[in-house]
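Have a look at input07.cif; it's mmCIF, C-alpha atoms:
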data_start
loop_
_atom_site.group_PDB
_atom_site.id
_atom_site.type_symbol
_atom_site.label_atom_id
_atom_site.label_comp_id
_atom_site.auth_asym_id
_atom_site.auth_seq_id
_atom_site.Cartn_x
_atom_site.Cartn_y
_atom_site.Cartn_z
ATOM 1 C CA MET A 1 -22.939 -63.866 -51.522
ATOM 2 C CA ALA A 2 -20.548 -65.952 -49.359
ATOM 3 C CA LEU A 3 -18.472 -63.181 -47.830
ATOM 4 C CA THR A 4 -14.919 -63.774 -46.667
ATOM 5 C CA THR A 5 -13.914 -62.866 -43.117
ATOM 6 C CA ASP A 6 -12.164 -59.742 -44.428
ATOM 7 C CA GLU A 7 -15.308 -58.691 -46.261
ATOM 8 C CA LYS A 8 -17.388 -59.225 -43.133
ATOM 9 C CA MET A 9 -14.903 -57.117 -41.179
ATOM 10 C CA ALA A 10 -15.234 -54.349 -43.736
ATOM 11 C CA TRP A 11 -18.997 -54.382 -43.125
ATOM 12 C CA LEU A 12 -18.722 -54.543 -39.363
ATOM 13 C CA GLU A 13 -16.375 -51.609 -39.024
ATOM 14 C CA HIS A 14 -19.038 -49.366 -40.543
ATOM 15 C CA VAL A 15 -21.710 -50.494 -38.084
ATOM 16 C CA GLU A 16 -22.161 -48.084 -35.194
ATOM 17 C CA LEU A 17 -22.180 -50.880 -32.620
ATOM 18 C CA PHE A 18 -18.651 -51.910 -33.590
ATOM 19 C CA GLN A 19 -17.123 -48.448 -33.998
ATOM 20 C CA GLY A 20 -13.716 -48.034 -32.410
ATOM 21 C CA LEU A 21 -13.077 -51.754 -31.874
ATOM 22 C CA PRO A 22 -9.552 -53.016 -32.440
ATOM 23 C CA PRO A 23 -9.045 -55.141 -35.595
ATOM 24 C CA ASP A 24 -8.546 -58.408 -33.658
ATOM 25 C CA ALA A 25 -11.932 -57.933 -31.940
ATOM 26 C CA LEU A 26 -13.602 -57.159 -35.275
ATOM 27 C CA ARG A 27 -11.993 -60.279 -36.745
ATOM 28 C CA ARG A 28 -13.349 -62.494 -33.948
ATOM 29 C CA VAL A 29 -16.838 -61.045 -34.457
ATOM 30 C CA ALA A 30 -16.541 -61.524 -38.230
ATOM 31 C CA GLU A 31 -15.407 -65.138 -37.837
ATOM 32 C CA ARG A 32 -18.339 -65.960 -35.577
ATOM 33 C CA SER A 33 -20.979 -64.224 -37.654
ATOM 34 C CA GLY A 34 -22.952 -66.162 -40.210
ATOM 35 C CA GLU A 35 -24.339 -64.812 -43.443
ATOM 36 C CA ILE A 36 -28.031 -65.516 -43.964
ATOM 37 C CA GLU A 37 -30.200 -64.695 -46.964
ATOM 38 C CA PHE A 38 -33.915 -64.139 -46.479
ATOM 39 C CA PRO A 39 -36.535 -64.044 -49.250
ATOM 40 C CA ALA A 40 -38.945 -61.100 -49.469
ATOM 41 C CA ALA A 41 -41.743 -61.195 -46.841
ATOM 42 C CA HIS A 42 -39.780 -63.557 -44.601
ATOM 43 C CA HIS A 43 -40.022 -62.905 -40.822
ATOM 44 C CA ILE A 44 -36.359 -62.589 -39.848
ATOM 45 C CA VAL A 45 -37.445 -62.322 -36.217
ATOM 46 C CA THR A 46 -40.959 -62.601 -34.811
ATOM 47 C CA GLN A 47 -42.449 -60.476 -32.035
ATOM 48 C CA GLY A 48 -43.045 -62.500 -28.870
ATOM 49 C CA ILE A 49 -40.574 -65.267 -29.734
ATOM 50 C CA ILE A 50 -37.481 -65.596 -27.531
ATOM 51 C CA GLY A 51 -34.501 -64.112 -29.287
ATOM 52 C CA ASN A 52 -30.873 -65.089 -29.063
ATOM 53 C CA GLY A 53 -29.082 -63.144 -31.700
ATOM 54 C CA LEU A 54 -28.087 -59.866 -33.258
ATOM 55 C CA TYR A 55 -28.598 -59.178 -36.959
ATOM 56 C CA ILE A 56 -26.827 -56.680 -39.180
ATOM 57 C CA VAL A 57 -28.414 -55.879 -42.536
ATOM 58 C CA ILE A 58 -25.826 -55.931 -45.317
ATOM 59 C CA ALA A 59 -28.087 -55.941 -48.359
ATOM 60 C CA GLY A 60 -31.769 -55.390 -48.971
ATOM 61 C CA ARG A 61 -34.349 -53.774 -46.755
ATOM 62 C CA ALA A 62 -36.370 -54.857 -43.742
ATOM 63 C CA ARG A 63 -39.301 -53.409 -41.839
ATOM 64 C CA VAL A 64 -39.651 -53.334 -38.036
ATOM 65 C CA VAL A 65 -43.277 -53.996 -37.080
ATOM 66 C CA LYS A 66 -44.764 -53.780 -33.582
ATOM 67 C CA GLY A 67 -48.257 -55.171 -33.438
ATOM 68 C CA ASP A 68 -49.718 -53.734 -36.641
ATOM 69 C CA GLN A 69 -47.583 -50.583 -36.655
ATOM 70 C CA VAL A 70 -44.469 -50.006 -38.725
ATOM 71 C CA ALA A 71 -41.809 -48.770 -36.300
ATOM 72 C CA ALA A 72 -38.827 -48.412 -38.641
ATOM 73 C CA GLU A 73 -37.238 -49.354 -41.960
ATOM 74 C CA LEU A 74 -33.761 -50.824 -41.864
ATOM 75 C CA GLY A 75 -31.167 -50.868 -44.614
ATOM 76 C CA PRO A 76 -27.530 -51.865 -45.042
ATOM 77 C CA GLY A 77 -25.349 -51.122 -42.006
ATOM 78 C CA GLU A 78 -28.244 -51.072 -39.544
ATOM 79 C CA PHE A 79 -28.702 -53.705 -36.859
ATOM 80 C CA PHE A 80 -31.450 -55.138 -34.674
ATOM 81 C CA GLY A 81 -31.871 -57.689 -31.903
ATOM 82 C CA GLU A 82 -29.403 -56.025 -29.527
ATOM 83 C CA LEU A 83 -31.824 -56.150 -26.594
ATOM 84 C CA SER A 84 -32.039 -59.941 -26.752
ATOM 85 C CA VAL A 85 -28.265 -60.095 -26.394
ATOM 86 C CA ILE A 86 -28.681 -58.787 -22.856
ATOM 87 C CA ASP A 87 -31.862 -60.422 -21.640
ATOM 88 C CA GLN A 88 -32.840 -63.285 -24.013
ATOM 89 C CA MET A 89 -36.497 -62.381 -23.614
ATOM 90 C CA PRO A 90 -39.263 -62.385 -26.252
ATOM 91 C CA ARG A 91 -38.656 -60.043 -29.193
ATOM 92 C CA LEU A 92 -40.335 -56.637 -28.895
ATOM 93 C CA ALA A 93 -41.026 -56.455 -32.615
ATOM 94 C CA SER A 94 -41.037 -58.464 -35.800
ATOM 95 C CA VAL A 95 -38.557 -57.677 -38.536
ATOM 96 C CA ILE A 96 -39.773 -58.595 -42.009
ATOM 97 C CA ALA A 97 -37.711 -58.626 -45.201
ATOM 98 C CA GLN A 98 -39.203 -56.228 -47.760
ATOM 99 C CA GLU A 99 -37.091 -57.634 -50.594
ATOM 100 C CA PRO A 100 -34.426 -60.346 -50.731
ATOM 101 C CA THR A 101 -32.308 -59.357 -47.724
ATOM 102 C CA THR A 102 -28.923 -60.544 -46.507
ATOM 103 C CA CYS A 103 -27.888 -60.279 -42.846
ATOM 104 C CA LEU A 104 -24.886 -61.115 -40.749
ATOM 105 C CA ALA A 105 -26.160 -62.960 -37.691
ATOM 106 C CA LEU A 106 -24.310 -63.223 -34.414
ATOM 107 C CA ALA A 107 -25.390 -65.457 -31.523
ATOM 108 C CA SER A 108 -25.996 -63.713 -28.191
ATOM 109 C CA TRP A 109 -23.385 -65.838 -26.407
ATOM 110 C CA ASP A 110 -20.702 -64.967 -28.978
ATOM 111 C CA LEU A 111 -21.442 -61.271 -28.611
ATOM 112 C CA ILE A 112 -21.540 -61.537 -24.802
ATOM 113 C CA ALA A 113 -18.136 -63.244 -24.862
ATOM 114 C CA GLU A 114 -16.776 -60.348 -26.912
ATOM 115 C CA ILE A 115 -18.431 -57.777 -24.627
ATOM 116 C CA GLU A 116 -16.663 -59.362 -21.676
ATOM 117 C CA ARG A 117 -13.333 -58.997 -23.467
ATOM 118 C CA ASP A 118 -13.854 -55.482 -24.759
ATOM 119 C CA PRO A 119 -15.478 -52.780 -22.583
ATOM 120 C CA LYS A 120 -15.587 -50.497 -25.630
ATOM 121 C CA LEU A 121 -18.118 -52.840 -27.240
ATOM 122 C CA ALA A 122 -20.124 -52.962 -23.998
ATOM 123 C CA LEU A 123 -20.208 -49.174 -23.966
ATOM 124 C CA ASN A 124 -21.364 -49.070 -27.610
ATOM 125 C CA LEU A 125 -24.142 -51.537 -26.770
ATOM 126 C CA LEU A 126 -25.144 -49.516 -23.707
ATOM 127 C CA ARG A 127 -25.370 -46.428 -25.886
ATOM 128 C CA ALA A 128 -27.431 -48.298 -28.506
ATOM 129 C CA LEU A 129 -29.901 -49.440 -25.840
ATOM 130 C CA ALA A 130 -30.087 -45.933 -24.375
ATOM 131 C CA LEU A 131 -30.920 -44.588 -27.866
ATOM 132 C CA ARG A 132 -33.701 -47.170 -28.255
ATOM 133 C CA LEU A 133 -35.037 -46.330 -24.793
ATOM 134 C CA ARG A 134 -35.162 -42.630 -25.504
ATOM 135 C CA ALA A 135 -36.865 -43.275 -28.861
ATOM 136 C CA ALA A 136 -39.432 -45.570 -27.179
ATOM 137 C CA ARG A 137 -40.239 -42.887 -24.616
ATOM 138 C CA ASP A 138 -40.506 -40.170 -27.255
ATOM 139 C CA GLU A 139 -42.968 -42.355 -29.161
ATOM 140 C CA HIS A 140 -44.909 -42.880 -25.956
ATOM 141 C CA ARG A 141 -45.187 -39.165 -25.281
ATOM 142 C CA HIS A 142 -46.320 -38.109 -28.740
ATOM 143 C CA MET B 1 -20.015 -41.038 6.590
ATOM 144 C CA ASN B 2 -16.461 -42.239 6.933
ATOM 145 C CA SER B 3 -14.923 -44.020 3.987
ATOM 146 C CA GLU B 4 -15.503 -47.576 5.275
ATOM 147 C CA GLU B 5 -19.165 -46.715 5.853
ATOM 148 C CA VAL B 6 -19.383 -45.479 2.264
ATOM 149 C CA VAL B 7 -17.837 -48.765 1.115
ATOM 150 C CA ASP B 8 -20.443 -50.680 3.153
ATOM 151 C CA GLU B 9 -23.185 -48.618 1.531
ATOM 152 C CA LEU B 10 -21.772 -49.236 -1.959
ATOM 153 C CA ALA B 11 -21.575 -52.973 -1.317
ATOM 154 C CA SER B 12 -25.319 -53.017 -0.614
ATOM 155 C CA LEU B 13 -26.267 -51.416 -3.964
ATOM 156 C CA SER B 14 -27.046 -53.693 -6.899
ATOM 157 C CA LEU B 15 -25.094 -51.510 -9.348
ATOM 158 C CA PHE B 16 -21.876 -52.366 -7.483
ATOM 159 C CA ALA B 17 -22.840 -55.855 -6.297
ATOM 160 C CA ASP B 18 -20.228 -57.644 -8.411
ATOM 161 C CA LEU B 19 -17.242 -55.639 -7.136
ATOM 162 C CA GLN B 20 -14.787 -56.838 -4.499
ATOM 163 C CA ARG B 21 -13.989 -54.708 -1.464
ATOM 164 C CA PRO B 22 -10.736 -53.198 -2.837
ATOM 165 C CA GLN B 23 -12.598 -52.166 -6.002
ATOM 166 C CA LEU B 24 -15.410 -50.697 -3.890
ATOM 167 C CA ARG B 25 -12.831 -48.614 -2.014
ATOM 168 C CA ALA B 26 -11.489 -47.330 -5.319
ATOM 169 C CA VAL B 27 -15.033 -46.506 -6.455
ATOM 170 C CA ALA B 28 -15.678 -44.647 -3.198
ATOM 171 C CA HIS B 29 -12.671 -42.455 -4.058
ATOM 172 C CA ILE B 30 -13.776 -41.790 -7.633
ATOM 173 C CA PHE B 31 -17.269 -40.624 -6.652
ATOM 174 C CA SER B 32 -17.944 -37.668 -4.380
ATOM 175 C CA GLU B 33 -20.692 -37.615 -1.752
ATOM 176 C CA GLU B 34 -23.265 -34.857 -2.014
ATOM 177 C CA SER B 35 -26.405 -33.889 -0.143
ATOM 178 C CA PHE B 36 -29.412 -31.937 -1.389
ATOM 179 C CA PRO B 37 -32.305 -30.371 0.538
ATOM 180 C CA PRO B 38 -35.940 -31.259 -0.238
ATOM 181 C CA GLY B 39 -37.173 -29.635 -3.437
ATOM 182 C CA GLN B 40 -33.686 -29.192 -4.905
ATOM 183 C CA ARG B 41 -33.541 -29.796 -8.649
ATOM 184 C CA ILE B 42 -30.496 -31.938 -9.498
ATOM 185 C CA LEU B 43 -31.017 -32.451 -13.228
ATOM 186 C CA ARG B 44 -32.828 -29.983 -15.394
ATOM 187 C CA GLN B 45 -34.960 -30.928 -18.378
ATOM 188 C CA GLY B 46 -33.477 -29.495 -21.562
ATOM 189 C CA PHE B 47 -30.213 -28.379 -19.987
ATOM 190 C CA GLN B 48 -26.895 -30.141 -20.454
ATOM 191 C CA GLY B 49 -26.545 -32.790 -17.715
ATOM 192 C CA SER B 50 -24.136 -32.258 -14.906
ATOM 193 C CA GLY B 51 -23.230 -35.783 -14.009
ATOM 194 C CA PHE B 52 -24.090 -39.280 -12.969
ATOM 195 C CA TYR B 53 -25.766 -39.820 -9.596
ATOM 196 C CA VAL B 54 -26.349 -42.901 -7.442
ATOM 197 C CA ILE B 55 -28.839 -42.522 -4.575
ATOM 198 C CA LEU B 56 -27.480 -43.522 -1.158
ATOM 199 C CA GLU B 57 -30.374 -42.215 0.913
ATOM 200 C CA GLY B 58 -33.667 -40.485 0.137
ATOM 201 C CA ASP B 59 -35.955 -40.327 -2.889
ATOM 202 C CA VAL B 60 -36.201 -38.246 -6.041
ATOM 203 C CA THR B 61 -39.026 -37.646 -8.444
ATOM 204 C CA VAL B 62 -38.532 -37.712 -12.215
ATOM 205 C CA ARG B 63 -40.608 -34.883 -13.652
ATOM 206 C CA ILE B 64 -41.342 -34.300 -17.338
ATOM 207 C CA ASP B 65 -43.071 -31.067 -18.349
ATOM 208 C CA GLY B 66 -44.128 -30.559 -14.740
ATOM 209 C CA GLU B 67 -45.654 -34.009 -14.360
ATOM 210 C CA ASP B 68 -44.196 -36.575 -11.934
ATOM 211 C CA ARG B 69 -43.461 -39.753 -13.884
ATOM 212 C CA ALA B 70 -41.375 -41.950 -11.609
ATOM 213 C CA LYS B 71 -39.840 -42.148 -8.177
ATOM 214 C CA LEU B 72 -36.269 -43.330 -7.639
ATOM 215 C CA SER B 73 -34.918 -44.569 -4.310
ATOM 216 C CA LYS B 74 -31.791 -45.945 -2.678
ATOM 217 C CA GLY B 75 -29.597 -47.817 -5.156
ATOM 218 C CA ASP B 76 -31.251 -46.243 -8.196
ATOM 219 C CA PHE B 77 -29.205 -43.970 -10.429
ATOM 220 C CA PHE B 78 -29.815 -41.159 -12.883
ATOM 221 C CA GLY B 79 -28.042 -38.875 -15.333
ATOM 222 C CA GLU B 80 -26.479 -41.710 -17.341
ATOM 223 C CA MET B 81 -28.892 -41.486 -20.282
ATOM 224 C CA SER B 82 -28.042 -37.948 -21.305
ATOM 225 C CA LEU B 83 -24.328 -38.561 -20.712
ATOM 226 C CA LEU B 84 -24.323 -41.679 -22.888
ATOM 227 C CA LEU B 85 -26.279 -39.963 -25.640
ATOM 228 C CA GLY B 86 -24.600 -36.574 -25.370
ATOM 229 C CA GLU B 87 -28.016 -34.935 -25.152
ATOM 230 C CA PRO B 88 -29.687 -32.798 -22.481
ATOM 231 C CA PRO B 89 -31.821 -34.609 -19.869
ATOM 232 C CA VAL B 90 -35.452 -35.135 -20.928
ATOM 233 C CA ALA B 91 -36.647 -34.785 -17.328
ATOM 234 C CA ASP B 92 -36.128 -32.798 -14.163
ATOM 235 C CA VAL B 93 -34.881 -34.857 -11.253
ATOM 236 C CA VAL B 94 -35.952 -33.315 -7.941
ATOM 237 C CA ALA B 95 -35.177 -34.340 -4.343
ATOM 238 C CA ILE B 96 -38.352 -35.301 -2.445
ATOM 239 C CA GLY B 97 -36.821 -35.224 1.036
ATOM 240 C CA GLU B 98 -33.263 -34.911 2.254
ATOM 241 C CA LEU B 99 -31.151 -36.597 -0.406
ATOM 242 C CA HIS B 100 -27.738 -38.166 -0.129
ATOM 243 C CA VAL B 101 -26.042 -39.227 -3.370
ATOM 244 C CA LEU B 102 -22.768 -40.246 -4.938
ATOM 245 C CA HIS B 103 -21.790 -38.024 -7.822
ATOM 246 C CA LEU B 104 -19.478 -38.608 -10.768
ATOM 247 C CA ALA B 105 -18.668 -35.744 -13.134
ATOM 248 C CA GLY B 106 -20.232 -36.285 -16.568
ATOM 249 C CA PRO B 107 -17.024 -36.556 -18.606
ATOM 250 C CA ASP B 108 -15.745 -39.312 -16.275
ATOM 251 C CA LEU B 109 -18.649 -41.743 -16.696
ATOM 252 C CA LYS B 110 -17.519 -43.572 -19.850
ATOM 253 C CA GLY B 111 -13.971 -44.073 -18.571
ATOM 254 C CA PHE B 112 -15.335 -45.300 -15.251
ATOM 255 C CA LEU B 113 -17.593 -47.863 -16.931
ATOM 256 C CA GLU B 114 -14.755 -49.098 -19.157
ATOM 257 C CA ARG B 115 -12.611 -49.634 -16.066
ATOM 258 C CA TYR B 116 -15.365 -51.466 -14.185
ATOM 259 C CA PRO B 117 -17.074 -53.783 -16.699
ATOM 260 C CA PRO B 118 -19.253 -55.484 -14.023
ATOM 261 C CA VAL B 119 -20.812 -52.086 -13.263
ATOM 262 C CA MET B 120 -21.348 -51.494 -16.979
ATOM 263 C CA PHE B 121 -23.033 -54.881 -17.267
ATOM 264 C CA ARG B 122 -25.394 -54.041 -14.395
ATOM 265 C CA MET B 123 -26.197 -50.754 -16.114
ATOM 266 C CA LEU B 124 -26.822 -52.579 -19.411
ATOM 267 C CA GLN B 125 -29.305 -54.854 -17.652
ATOM 268 C CA SER B 126 -31.013 -51.883 -16.048
ATOM 269 C CA VAL B 127 -31.392 -50.027 -19.353
ATOM 270 C CA ALA B 128 -32.636 -53.238 -21.016
ATOM 271 C CA ARG B 129 -35.258 -53.643 -18.277
ATOM 272 C CA ARG B 130 -36.408 -50.041 -18.684
ATOM 273 C CA LEU B 131 -36.620 -50.549 -22.450
ATOM 274 C CA ARG B 132 -38.883 -53.570 -21.887
ATOM 275 C CA ASN B 133 -41.061 -51.545 -19.501
ATOM 276 C CA ALA B 134 -41.306 -48.605 -21.905
ATOM 277 C CA ASN B 135 -42.574 -50.973 -24.590
ATOM 278 C CA ARG B 136 -45.006 -52.678 -22.236
ATOM 279 C CA LEU B 137 -46.526 -49.293 -21.348
ATOM 280 C CA ARG B 138 -47.171 -48.535 -24.959
ATOM 281 C CA SER B 139 -48.690 -51.792 -26.117
#
Would you encode the structure as structure tokens?
Amino acid sequence: MALTTDEKMAWLEHVELFQGLPPDALRRVAERSGEIEFPAAHHIVTQGIIGNGLYIVIAGRARVVKGDQVAAELGPGEFFGELSVIDQMPRLASVIAQEPTTCLALASWDLIAEIERDPKLALNLLRALALRLRAARDEHRH
Amino acid sequence: MNSEEVVDELASLSLFADLQRPQLRAVAHIFSEESFPPGQRILRQGFQGSGFYVILEGDVTVRIDGEDRAKLSKGDFFGEMSLLLGEPPVADVVAIGELHVLHLAGPDLKGFLERYPPVMFRMLQSVARRLRNANRLRS
């Protein structure tokens, strides 16, 4: 697709993680994010492998798989990999493209740099992790 | 505790470990000290949360549907999940013995974290660690 920075910004501002960020922050994130196209069935990330980036789906569809269980389906505007931004530990799940899928990818260190500049982004990330934690515990209980 | 003693206590907690003394004094002003007797319920499962708490002294039990799930001690904190998510707590939090805490009113938490990014970063790491543990339990 080869998106321009402005087009990337237009995507980012609709992603929950980047809600409420000032335009200059969104522009920095857009400039540092790379667009990657994955063929169907490609493992975008693999469970157990150390992760160092955040991905935002902008086209296509991907499946989150833990072990042999499908945990979620992701479509445009949804993101994954946010935990690895904080701890750079092995991925908790695999994410597999279900059809040709395009993502914006952002390296952990670029996102960390932006988090250090903008507490609003840190708060959004904290909220995203809290949501994942509550979902993980709900799954555990049921 | 006098205010310098509270500052000393804060300095020893990992949540505030990256703050300098003047910032710790400011934090000591923002939070209020509270004490609870044994058995007192501080957060109630299913009811809108009343704030963010950091334990200075004593232990609490985290109880879900009447079952004790975890124990929190000095330096641990609670109440932040439901405040961040805008949802009621999913657990009761009950004092085991005499409990001494710092309390921040719920609506003030986000502003506090935005003003003290190092505290937010510590909290991010804590939530990330709990997320890892929750997944380890399941698999």
Test item: the PyMOL selection byres ((chain B and resi 59-62) around 6) resolved as number ranges by chain: B: 58, 63, 68-73, 92-96
Within 10 Å of file point (-34.8, -66.5, -47.0), counting all atoms listed in the file, expressed as a PyMOL selection string: chain A and resi 36-44+97+99-102
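Across the chains present, the PyMOL selection byres ((chain A and resi 63-70) around 9) applied to this file returns A:Gln47, A:Arg61, A:Ala62, A:Ala71, A:Ala72, A:Glu73, A:Leu74, A:Gly75, A:Leu92, A:Ala93, A:Ser94, A:Val95, A:Ile96, A:Ala97, A:Gln98, B:Ser139.
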Just write the chosen residues, C-alpha atoms, as a PDB file, in the coordinates of the input.
ATOM      1  CA  GLN A  47     -42.449 -60.476 -32.035  1.00  0.00           C
ATOM      2  CA  ARG A  61     -34.349 -53.774 -46.755  1.00  0.00           C
ATOM      3  CA  ALA A  62     -36.370 -54.857 -43.742  1.00  0.00           C
ATOM      4  CA  ALA A  71     -41.809 -48.770 -36.300  1.00  0.00           C
ATOM      5  CA  ALA A  72     -38.827 -48.412 -38.641  1.00  0.00           C
ATOM      6  CA  GLU A  73     -37.238 -49.354 -41.960  1.00  0.00           C
ATOM      7  CA  LEU A  74     -33.761 -50.824 -41.864  1.00  0.00           C
ATOM      8  CA  GLY A  75     -31.167 -50.868 -44.614  1.00  0.00           C
ATOM      9  CA  LEU A  92     -40.335 -56.637 -28.895  1.00  0.00           C
ATOM     10  CA  ALA A  93     -41.026 -56.455 -32.615  1.00  0.00           C
ATOM     11  CA  SER A  94     -41.037 -58.464 -35.800  1.00  0.00           C
ATOM     12  CA  VAL A  95     -38.557 -57.677 -38.536  1.00  0.00           C
ATOM     13  CA  ILE A  96     -39.773 -58.595 -42.009  1.00  0.00           C
ATOM     14  CA  ALA A  97     -37.711 -58.626 -45.201  1.00  0.00           C
ATOM     15  CA  GLN A  98     -39.203 -56.228 -47.760  1.00  0.00           C
TER      16      GLN A  98
ATOM     17  CA  SER B 139     -48.690 -51.792 -26.117  1.00  0.00           C
TER      18      SER B 139
END
Distance in Å - CA of Asp24 (chain A) versus CA of Leu121 (chain A):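 Computing it gives 12.8 Å between the two atoms.
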Residues matched by the PyMOL selection byres ((chain B and resi 38) around 9) as number ranges by chain: B: 36-37, 39-41, 94-99
Neighbour list for region 123-131 of chain A as a ChimeraX atom specification, cut-off 8 Å, all atoms listed in the file, skip fewer than 3 positions in-chain: /A:16-19,82-83,119-120,134-135 /B:81,84-85,110,113-114,120,123-124,127-128,131
Å distance separating CA of Gly86 (chain B) from CA of Phe52 (chain B), one decimal place: 12.7 Å
Distance query Pro23 (chain A) at most 12 Å, only C-alpha atoms, self and fewer than 2 positions along chain excluded, as a count of residues only: 18
Given only C-alpha atoms as the counted atoms, nearest of B:Asn133, B:Ser3, B:Gln125, B:Gln48 to chain A: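 The closest residue to chain A is B:Gln125.
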